[in-house]
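One file, protein-v4.cif, is given below (mmCIF, C-alpha atoms).
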data_protein
#
loop_
_atom_site.label_atom_id
_atom_site.label_comp_id
_atom_site.auth_asym_id
_atom_site.auth_seq_id
_atom_site.Cartn_x
_atom_site.Cartn_y
_atom_site.Cartn_z
CA MET A 7 14.73 -8.22 0.87
CA ASP A 8 14.64 -10.93 -1.72
CA ARG A 9 13.34 -9.75 -5.08
CA TYR A 10 10.84 -12.61 -5.39
CA LEU A 11 9.39 -12.02 -1.94
CA ARG A 12 8.99 -8.33 -2.79
CA LEU A 13 7.15 -9.26 -5.99
CA PHE A 14 4.96 -11.77 -4.14
CA ILE A 15 3.89 -9.18 -1.56
CA LYS A 16 3.08 -6.69 -4.32
CA TYR A 17 1.22 -9.45 -6.19
CA GLN A 18 -1.01 -10.04 -3.16
CA ALA A 19 -1.84 -6.35 -3.03
CA TYR A 20 -2.61 -6.30 -6.75
CA MET A 21 -4.95 -9.28 -6.25
CA ILE A 22 -6.79 -7.27 -3.59
CA VAL A 23 -7.06 -4.41 -6.08
CA VAL A 24 -8.42 -6.66 -8.84
CA PHE A 25 -10.93 -8.36 -6.55
CA THR A 26 -12.12 -5.06 -5.06
CA LEU A 27 -12.56 -3.49 -8.49
CA LEU A 28 -14.40 -6.57 -9.70
CA MET A 29 -16.82 -6.41 -6.79
CA VAL A 30 -17.33 -2.67 -7.11
CA VAL A 31 -17.93 -2.78 -10.86
CA LEU A 32 -20.25 -5.79 -10.73
CA LEU A 33 -22.20 -5.17 -7.53
CA THR A 34 -22.48 -1.40 -7.15
CA PRO A 35 -24.79 -0.82 -10.16
CA VAL A 36 -27.08 -3.63 -9.02
CA MET A 37 -27.13 -2.38 -5.43
CA ALA A 38 -27.69 1.23 -6.51
CA GLN A 39 -30.90 0.23 -8.33
CA HIS A 40 -32.27 -1.54 -5.25
CA LYS A 41 -34.22 0.71 -2.92
CA PRO A 42 -33.66 -0.25 0.73
CA SER A 43 -36.88 -0.86 2.62
CA GLU A 44 -35.40 -1.64 6.03
CA ILE A 45 -32.78 0.20 8.05
CA GLU A 46 -30.34 -2.72 8.08
CA ASN A 47 -30.16 -2.67 4.28
CA LEU A 48 -29.47 1.06 3.98
CA ARG A 49 -25.82 0.47 3.05
CA PHE A 50 -26.85 -1.95 0.27
CA GLY A 51 -29.14 0.20 -1.79
CA GLY A 52 -29.81 3.48 -3.49
CA LYS A 53 -27.55 6.48 -3.31
CA VAL A 54 -25.60 5.13 -0.34
CA ALA A 55 -24.44 2.13 -2.39
CA GLY A 56 -23.43 4.46 -5.24
CA ALA A 57 -21.51 6.70 -2.84
CA PHE A 58 -19.72 3.71 -1.34
CA GLY A 59 -18.88 2.49 -4.84
CA PHE A 60 -17.25 5.83 -5.65
CA ILE A 61 -15.39 5.84 -2.33
CA TRP A 62 -14.15 2.30 -2.96
CA ILE A 63 -12.86 3.23 -6.42
CA THR A 64 -11.02 6.20 -4.91
CA ALA A 65 -9.50 3.95 -2.24
CA VAL A 66 -8.42 1.40 -4.87
CA ILE A 67 -6.75 4.12 -6.93
CA SER A 68 -4.88 5.18 -3.79
CA LEU A 69 -3.78 1.58 -3.18
CA VAL A 70 -2.54 1.23 -6.77
CA ALA A 71 -0.57 4.45 -6.36
CA ALA A 72 0.86 3.11 -3.09
CA ILE A 73 2.03 -0.07 -4.77
CA HIS A 74 3.46 1.72 -7.77
CA LYS A 75 5.23 4.51 -5.86
CA GLU A 76 6.03 2.30 -2.86
CA ASP A 77 4.57 4.90 -0.53
CA ALA A 78 3.24 3.43 2.70
CA THR A 79 1.01 6.42 3.50
CA LEU A 80 -1.16 5.78 0.44
CA ILE A 81 -2.24 2.41 1.88
CA PHE A 82 -4.22 4.10 4.66
CA PRO A 83 -7.20 5.35 2.57
CA TYR A 84 -7.92 1.77 1.49
CA LEU A 85 -7.57 0.53 5.06
CA PHE A 86 -9.89 3.29 6.29
CA VAL A 87 -12.64 2.48 3.77
CA PHE A 88 -12.21 -1.24 4.44
CA GLY A 89 -12.53 -0.62 8.18
CA VAL A 90 -15.60 1.60 7.84
CA ASP A 91 -17.33 -0.88 5.56
CA LEU A 92 -16.38 -3.73 7.87
CA ALA A 93 -17.76 -1.86 10.89
CA LEU A 94 -21.04 -1.21 9.07
CA LEU A 95 -21.32 -4.86 8.09
CA LEU A 96 -20.54 -5.94 11.65
CA LEU A 97 -23.24 -3.63 13.05
CA ARG A 98 -25.70 -5.01 10.48
CA GLU A 99 -24.86 -8.59 11.44
CA ILE A 100 -25.29 -7.84 15.15
CA TYR A 101 -28.69 -6.30 14.42
CA LEU A 102 -29.74 -9.28 12.29
CA ILE A 103 -28.58 -11.76 14.94
CA THR A 104 -30.60 -10.00 17.63
CA THR A 105 -33.76 -9.81 15.49
CA HIS A 106 -33.65 -13.12 13.56
CA GLY A 107 -31.80 -15.40 15.94
CA PHE A 108 -28.21 -16.45 16.36
CA PHE A 109 -28.16 -19.75 14.49
CA VAL A 110 -29.86 -18.48 11.35
CA GLU A 111 -27.24 -15.78 10.82
CA PHE A 112 -24.29 -17.75 12.15
CA LEU A 113 -24.72 -20.58 9.65
CA ALA A 114 -24.70 -18.23 6.67
CA VAL A 115 -21.94 -18.46 4.06
CA LYS A 116 -21.03 -14.81 4.58
CA ILE A 117 -19.42 -15.63 7.93
CA VAL A 118 -17.06 -18.11 6.26
CA ILE A 119 -16.20 -15.65 3.50
CA ALA A 120 -15.54 -12.90 6.04
CA ALA A 121 -13.39 -15.24 8.15
CA ILE A 122 -11.16 -15.88 5.13
CA THR A 123 -11.19 -12.45 3.49
CA ILE A 124 -10.64 -10.11 6.43
CA PRO A 125 -7.39 -11.67 7.74
CA TYR A 126 -6.09 -12.04 4.16
CA VAL A 127 -6.61 -8.36 3.37
CA PHE A 128 -5.19 -7.11 6.66
CA ALA A 129 -2.17 -9.43 6.53
CA SER A 130 -1.40 -8.53 2.90
CA LEU A 131 -1.65 -4.80 3.51
CA LEU A 132 0.40 -5.08 6.70
CA ALA A 133 3.11 -6.95 4.77
CA LEU A 134 2.97 -4.30 2.05
CA HIS A 135 3.30 -1.52 4.63
CA ARG A 136 6.24 -3.27 6.29
CA LEU A 137 7.86 -3.79 2.90
CA PHE A 138 7.69 -0.08 2.13
CA THR A 139 8.82 1.12 5.57
CA VAL A 140 11.43 -1.46 6.59
CA ASP A 141 12.96 -2.29 3.21
CA PRO A 142 12.30 0.59 0.83
CA ILE A 143 13.85 0.69 -2.60
CA GLU A 144 16.19 3.65 -2.78
CA THR A 145 14.67 5.96 -5.33
CA HIS A 146 15.56 9.55 -5.96
CA ARG A 147 12.33 11.47 -6.36
CA ASN A 148 13.91 14.60 -7.71
CA GLY A 149 16.89 14.78 -10.01
CA THR A 150 19.21 16.60 -7.62
CA GLU A 151 18.97 14.35 -4.60
CA GLY A 152 22.08 12.25 -4.16
CA PHE A 153 23.87 13.91 -7.07
CA VAL A 154 27.56 14.57 -6.52
CA ARG A 155 29.31 16.94 -8.88
CA PHE A 156 32.93 16.16 -9.69
CA ASP A 157 35.19 18.87 -11.02
CA ARG A 158 37.13 17.67 -14.05
CA ASN A 159 40.32 19.34 -12.77
CA GLU A 160 39.98 17.62 -9.41
CA THR A 161 41.56 14.42 -10.69
CA ASN A 162 44.47 16.38 -12.18
CA VAL A 163 45.04 18.19 -8.88
CA VAL A 164 45.16 14.90 -7.00
CA ALA A 165 47.62 13.46 -9.54
CA VAL A 166 49.84 16.56 -9.34
CA ASN A 167 49.81 16.50 -5.53
CA HIS A 168 50.62 12.81 -5.53
CA GLN A 169 53.48 13.38 -7.97
CA HIS A 170 54.70 16.34 -5.94
CA ASN A 171 54.70 14.31 -2.70
CA ALA A 172 56.62 11.48 -4.36
CA THR A 173 59.44 13.75 -5.67
CA SER A 174 59.88 15.90 -2.57
CA THR A 175 62.12 15.01 0.31
CA PRO A 176 61.45 15.98 3.89
CA THR A 177 63.89 18.14 5.84
CA PRO A 178 64.67 17.76 9.52
CA ASN A 179 62.45 20.74 10.47
CA GLY A 180 59.38 19.23 8.72
CA THR A 181 59.29 21.28 5.51
CA GLN A 182 59.56 19.56 2.17
CA VAL A 183 62.05 20.50 -0.48
CA VAL A 184 61.29 19.88 -4.14
#

Can you turn what I pasted into structure tokens?
Amino acid sequence: MDRYLRLFIKYQAYMIVVFTLLMVVLLTPVMAQHKPSEIENLRFGGKVAGAFGFIWITAVISLVAAIHKEDATLIFPYLFVFGVDLALLLLREIYLITTHGFFVEFLAVKIVIAAITIPYVFASLLALHRLFTVDPIETHRNGTEGFVRFDRNETNVVAVNHQHNATSTPTPNGTQVV
């Protein structure tokens, strides 16, 4: 794959990392201080918000390791946390739509942000996964893999055999005479 395309795909993943860390660092302390009073806000307050903040940081560290090591399996923890958080937000939105009305919740800015963010994250991580599985960079993880040992005398033996074959003449019965 083209070097610049490879860097662009990795850049997109690093932007996801930076944005996720920014949101976790800025919003988790504020959400952890807020005590949820209603069931639909349970994810956005108290100890649950702190636990999700820790889980998000762990998932981001896994994604950074995936990008750095080019290991496709390390992308899955981030995708799992993203999917769980997305499912919880979707259930919350369904509950709010049924209790407060469809048009009040549908016209909110969060729907527009989700419509842009969710496909961007999934497409970027899918491209990153495909990059690591379809076009991996050949790296040798341990020092012995792919190592071929050449004997120093091997080149001399080849030269002697070549010289020997050039000076010998074949006989009618197939043996060579030097």

Quick one: pull the distance between atom CA of A:Pro83 and atom CA of A:Ala71, Å, one decimal.
11.2 Å

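If only C-alpha atoms are the atoms counted, then among A:Gln18, A:Thr123, A:Asp77, A:Val115 the closest residue to A:Ile143 is A:Asp77.
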
Which residues are near A:Arg12? Cut-off 10 Å, all atoms listed in the file, ignore same chain within fewer than 4 positions. Put them as a ChimeraX atom specification.
/A:7-8,16-17,133-134,137-138,141

Tell me, as a VMD selection string, which residues lie within 10 Å of A:Thr26, counting only C-alpha atoms; anything in the same chain fewer than 3 positions away does not count.
chain A and resid 20 to 23 29 to 32 62 to 63 65 to 66

Hey, what comes out of the PyMOL selection byres ((chain A and resi 56) around 10) on this file? Could you write it as a PyMOL selection string?
chain A and resi 30+33-39+49-55+57-62

Counting all atoms listed in the file, which residue out of A:Leu92, A:Leu131, A:Val118, A:Leu13 sits closest to A:Thr79?
A:Leu131

As an exercise, work out the distance from atom CA of A:Phe14 to atom CA of A:Leu85 in Å and give it to one decimal place.
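Separation of atom CA of A:Phe14 and atom CA of A:Leu85: 19.8 Å.
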
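Atom to atom, atom CA of A:Leu27 and atom CA of A:Leu69 stand 11.4 Å apart.
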
If you take every atom of stretch 99-104 of chain A that the file lists and fit an axis-aligned box around them with 8 Å extra on each side, what centre and edge lengths come out in Å to one decimal, as JSON?
{"center_x": -27.7, "center_y": -9.0, "center_z": 14.5, "size_x": 21.7, "size_y": 21.5, "size_z": 22.2}
